[in-house]
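This report refers to the structure that appears directly beneath it.
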Amino acid sequence: MKEIVSDGTQLCEYLKGMVIDTLKLEDITKKEIENDAPLFGDGLGLDSIDALELVVAIEKAFDVVIEDENVGKTAFASIETLATFIQEMYKDKS
Amino acid sequence: MRWIEREERVRFNEVDEWGMAWHGHYVAWFEAGRISLLERFDLLPRQMVELGYIAPVINLTCEYKHSAVCGDSIIIRTTAIKPDIAALICRFEIALRDNGLLLARGETKQVLLTKDRTMIYRLSGEVEKRIAAMVDYCAGE
């Protein structure tokens with residue numbers, strides 16, 4: 001997992017797959033998700049309940065902690081911000 | 001798995017034109033069952049508020065198996081299951097008291113919001129303790 005996290009492009013692709021799988025977005029492909037497009041509201045249209053599901057998947061996969069919606073809102077703004085968030089958390093660990 | 005039971009009686013105002021318990025009332029019976037469970041673990045809605053949280057329902061399912069009629073005594077059985085996410089998941093079964101015939105089963109999922117309506121992703125402190133005690137009790141034999 002460490003190699004994936006250190007490579008921003010790879011991490012973004014991984015996260016897109018995770019969003020699609022976790023939320024069962026069957027009619028959306030990785031290609032359709034832009035790195036900087038908003039995940040919530042106007043973008044991919046996710047809501048706060050989706051975020052809760054995603055948090056569990058991300059915490060399990062990356063062994064990081066996302067306390068609540070306030071942290072989540074910033075982290076989940078887009079695939080890019082999510083990748084940065086995870087990379088920052090990893091930095092703190094090492 | 002342990003279940004908390006409570007008994008209710010199907011009232012005249014709870015049946016439809018065909019004499020069967022109206023489907024929406026099962027939700028009210030689930031609620032009654034949930035309160036019976038929650039009060040054992042000091043997790044009643046007002047107690048949640050004292051701890052700084054509210055717990056709105058975000059999902060509810062109900063499968064109907066047989067219909068109850070006016071005057072039937074029913075048993076509402078409620079249990080809680082360990083959630084993957086910071087949520088409260090209750091399961092319900094409603095059966096006829098006299099012969100145990102299963103009338104309906106269902107599930108509700110609640111998330112936890114703080115006073116300022118921020119959803120929490122991780123249980124902690126007193127609320128975590130009480131929910132864990134309830135879930136452990138329900139998981140027992």
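To be explicit about the labels: the chains of the structure tokens are called A, B, and onward in the order shown, and within each one the residues are counted from 1, while ligands get numbers from 1 in the order they are shown.
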* To do: Write out as a ChimeraX atom specification each polymer residue whose atoms come within 12 Å of B:Gly106, counting only C-alpha atoms; drop sequence neighbours fewer than 4 positions from it.
  => /B:26-31,33-34,59-65,76-80,89-94,102
Would you mind exporting the chosen residues as a compact mmCIF listing (two decimals), in the first residue's frame, restricted to N, CA and C atoms?
# COMPACT_ATOMS: atom_id res chain seq x y z
N TYR B 26 -46.28 -1.10 11.42
CA TYR B 26 -45.15 -1.96 11.81
C TYR B 26 -43.94 -1.11 12.16
N VAL B 27 -43.82 0.03 11.50
CA VAL B 27 -42.70 0.94 11.79
C VAL B 27 -42.83 1.47 13.22
N ALA B 28 -44.06 1.80 13.61
CA ALA B 28 -44.29 2.27 14.99
C ALA B 28 -43.98 1.15 15.99
N TRP B 29 -44.29 -0.08 15.61
CA TRP B 29 -43.98 -1.21 16.51
C TRP B 29 -42.47 -1.42 16.60
N PHE B 30 -41.78 -1.26 15.48
CA PHE B 30 -40.31 -1.32 15.52
C PHE B 30 -39.79 -0.28 16.51
N GLU B 31 -40.37 0.91 16.43
CA GLU B 31 -39.93 2.00 17.30
C GLU B 31 -40.15 1.63 18.77
N GLY B 33 -40.26 -1.34 19.99
CA GLY B 33 -39.27 -2.38 20.31
C GLY B 33 -37.90 -1.78 20.54
N ARG B 34 -37.55 -0.82 19.71
CA ARG B 34 -36.23 -0.19 19.83
C ARG B 34 -36.10 0.53 21.17
N ASN B 59 -32.06 4.56 7.19
CA ASN B 59 -32.50 3.45 6.35
C ASN B 59 -33.45 2.57 7.14
N LEU B 60 -34.48 2.10 6.47
CA LEU B 60 -35.45 1.24 7.14
C LEU B 60 -35.95 0.20 6.13
N THR B 61 -35.94 -1.06 6.55
CA THR B 61 -36.50 -2.09 5.67
C THR B 61 -37.53 -2.88 6.46
N CYS B 62 -38.50 -3.40 5.76
CA CYS B 62 -39.50 -4.24 6.42
C CYS B 62 -40.01 -5.28 5.42
N GLU B 63 -39.95 -6.53 5.81
CA GLU B 63 -40.53 -7.59 4.99
C GLU B 63 -41.78 -8.09 5.70
N TYR B 64 -42.86 -8.13 4.97
CA TYR B 64 -44.12 -8.58 5.56
C TYR B 64 -44.38 -10.03 5.20
N LYS B 65 -44.67 -10.84 6.21
CA LYS B 65 -44.84 -12.28 5.98
C LYS B 65 -46.30 -12.71 6.12
N ILE B 76 -43.00 -8.03 19.86
CA ILE B 76 -41.99 -7.31 19.07
C ILE B 76 -40.63 -7.68 19.65
N ARG B 77 -39.78 -8.26 18.83
CA ARG B 77 -38.45 -8.67 19.29
C ARG B 77 -37.42 -7.75 18.63
N THR B 78 -36.52 -7.24 19.45
CA THR B 78 -35.53 -6.28 18.94
C THR B 78 -34.14 -6.67 19.38
N THR B 79 -33.19 -6.52 18.47
CA THR B 79 -31.79 -6.75 18.80
C THR B 79 -30.94 -5.71 18.08
N ALA B 80 -29.69 -5.60 18.48
CA ALA B 80 -28.78 -4.66 17.80
C ALA B 80 -27.60 -5.46 17.27
N ILE B 89 -27.47 -0.16 14.36
CA ILE B 89 -28.32 -1.00 13.50
C ILE B 89 -29.16 -1.92 14.38
N CYS B 90 -30.48 -1.77 14.27
CA CYS B 90 -31.41 -2.62 15.04
C CYS B 90 -32.13 -3.54 14.09
N ARG B 91 -32.37 -4.76 14.55
CA ARG B 91 -33.18 -5.71 13.78
C ARG B 91 -34.43 -6.05 14.57
N PHE B 92 -35.48 -6.29 13.86
CA PHE B 92 -36.78 -6.51 14.49
C PHE B 92 -37.46 -7.75 13.92
N GLU B 93 -38.23 -8.41 14.79
CA GLU B 93 -39.15 -9.45 14.33
C GLU B 93 -40.46 -9.21 15.06
N ILE B 94 -41.54 -9.31 14.34
CA ILE B 94 -42.85 -9.19 14.97
C ILE B 94 -43.59 -10.51 14.72
N LEU B 102 -44.46 -15.71 12.45
CA LEU B 102 -43.72 -14.49 12.10
C LEU B 102 -44.56 -13.61 11.16
* To do: Please identify every residue of chain A that has at least one atom no more than 10 Å from any atom of chain B, counting only C-alpha atoms, and report them as a count of residues only.
  => 17
* In chain B, DSSP helix (DSSP H, G or I) residues written as a PyMOL selection string -> chain B and resi 12-14+25-40+45-51+125-139
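Counting from atom CA of B:Gly125, the distance to atom CA of B:Arg6 is 29.8 Å.
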Based on the backbone DSSP call, show me all residues of chain B assigned strand (DSSP E or B), as a PDB file with C-alpha atoms, in the first residue's frame.
ATOM      1  CA  ILE B   4     -35.570  -7.890  23.868  1.00  0.00           C
ATOM      2  CA  GLU B   5     -39.289  -8.603  23.722  1.00  0.00           C
ATOM      3  CA  ARG B   6     -42.329  -6.480  24.324  1.00  0.00           C
ATOM      4  CA  GLU B   7     -45.987  -7.160  23.755  1.00  0.00           C
ATOM      5  CA  GLU B   8     -48.522  -4.970  21.988  1.00  0.00           C
ATOM      6  CA  ARG B   9     -52.083  -5.439  20.896  1.00  0.00           C
ATOM      7  CA  VAL B  15     -56.264  -1.928  10.859  1.00  0.00           C
ATOM      8  CA  MET B  20     -55.474  -6.204   8.518  1.00  0.00           C
ATOM      9  CA  ALA B  21     -52.890  -4.235  10.466  1.00  0.00           C
ATOM     10  CA  TYR B  53     -25.865  13.378  19.994  1.00  0.00           C
ATOM     11  CA  ILE B  54     -28.973  12.739  18.000  1.00  0.00           C
ATOM     12  CA  VAL B  57     -32.790   6.901  10.984  1.00  0.00           C
ATOM     13  CA  ILE B  58     -31.225   6.806   7.506  1.00  0.00           C
ATOM     14  CA  ASN B  59     -32.498   3.448   6.348  1.00  0.00           C
ATOM     15  CA  LEU B  60     -35.452   1.236   7.138  1.00  0.00           C
ATOM     16  CA  THR B  61     -36.501  -2.089   5.672  1.00  0.00           C
ATOM     17  CA  CYS B  62     -39.502  -4.243   6.418  1.00  0.00           C
ATOM     18  CA  GLU B  63     -40.532  -7.592   4.988  1.00  0.00           C
ATOM     19  CA  TYR B  64     -44.120  -8.578   5.564  1.00  0.00           C
ATOM     20  CA  VAL B  69     -55.792  -8.496  12.628  1.00  0.00           C
ATOM     21  CA  SER B  73     -51.466  -9.862  20.646  1.00  0.00           C
ATOM     22  CA  ILE B  74     -48.085  -9.451  19.037  1.00  0.00           C
ATOM     23  CA  ILE B  75     -44.549  -9.819  20.316  1.00  0.00           C
ATOM     24  CA  ILE B  76     -41.990  -7.309  19.072  1.00  0.00           C
ATOM     25  CA  ARG B  77     -38.447  -8.666  19.286  1.00  0.00           C
ATOM     26  CA  THR B  78     -35.532  -6.277  18.937  1.00  0.00           C
ATOM     27  CA  THR B  79     -31.785  -6.752  18.804  1.00  0.00           C
ATOM     28  CA  ALA B  80     -28.779  -4.662  17.800  1.00  0.00           C
ATOM     29  CA  ILE B  81     -25.962  -5.795  15.555  1.00  0.00           C
ATOM     30  CA  ALA B  87     -24.036   3.670  13.176  1.00  0.00           C
ATOM     31  CA  LEU B  88     -26.700   1.979  15.231  1.00  0.00           C
ATOM     32  CA  ILE B  89     -28.315  -0.998  13.505  1.00  0.00           C
ATOM     33  CA  CYS B  90     -31.405  -2.617  15.043  1.00  0.00           C
ATOM     34  CA  ARG B  91     -33.180  -5.710  13.777  1.00  0.00           C
ATOM     35  CA  PHE B  92     -36.779  -6.515  14.491  1.00  0.00           C
ATOM     36  CA  GLU B  93     -39.148  -9.447  14.334  1.00  0.00           C
ATOM     37  CA  ILE B  94     -42.850  -9.192  14.968  1.00  0.00           C
ATOM     38  CA  ALA B  95     -44.733 -12.411  15.687  1.00  0.00           C
ATOM     39  CA  LEU B  96     -48.126 -13.504  16.951  1.00  0.00           C
ATOM     40  CA  LEU B 102     -43.722 -14.493  12.102  1.00  0.00           C
ATOM     41  CA  LEU B 103     -45.577 -11.452  10.775  1.00  0.00           C
ATOM     42  CA  ALA B 104     -42.725  -9.200   9.741  1.00  0.00           C
ATOM     43  CA  ARG B 105     -39.033  -8.628  10.082  1.00  0.00           C
ATOM     44  CA  GLY B 106     -37.073  -5.484   9.501  1.00  0.00           C
ATOM     45  CA  GLU B 107     -34.034  -3.369  10.159  1.00  0.00           C
ATOM     46  CA  THR B 108     -33.244   0.269  10.871  1.00  0.00           C
ATOM     47  CA  LYS B 109     -29.933   2.071  10.538  1.00  0.00           C
ATOM     48  CA  GLN B 110     -29.207   5.290  12.467  1.00  0.00           C
ATOM     49  CA  VAL B 111     -26.216   7.569  12.200  1.00  0.00           C
ATOM     50  CA  LEU B 113     -24.890  13.598  14.619  1.00  0.00           C
ATOM     51  CA  THR B 114     -23.467  16.064  17.110  1.00  0.00           C
ATOM     52  CA  MET B 119     -22.023  13.421  11.394  1.00  0.00           C
ATOM     53  CA  ILE B 120     -19.468  11.449  13.371  1.00  0.00           C
TER      54      ILE B 120
END
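Taking atom CA of A:Ile86 and atom CA of A:Leu23 as endpoints, the distance between them is 19.2 Å.
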* What is the distance between atom CA of A:Gly43 and atom CA of A:Ser6, in Å to one decimal? -> 26.1 Å
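In terms of minimum interatomic distance to B:Glu17, B:Cys70 ranks closest within B:Val127, B:Ile35, B:Cys70, B:Leu101, counting only C-alpha atoms.
Excluding stretch 29-33 of chain A itself and same-chain residues fewer than 5 positions from it, the residues having an atom within 8 Å of it are Glu13, Lys16, Gly17, Ile20 and Leu44 of chain A, counting only C-alpha atoms.
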Using only C-alpha atoms, please write the residues we just selected to a file, as a CSV table (one decimal), in the first residue's frame.
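Contents of part.csv, as written:
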chain,number,residue,atom,x,y,z
A,13,GLU,CA,-6.7,5.6,-9.7
A,16,LYS,CA,-11.6,6.1,-7.9
A,17,GLY,CA,-11.9,2.3,-8.0
A,20,ILE,CA,-17.0,3.0,-7.4
A,44,LEU,CA,-20.4,12.9,-8.6
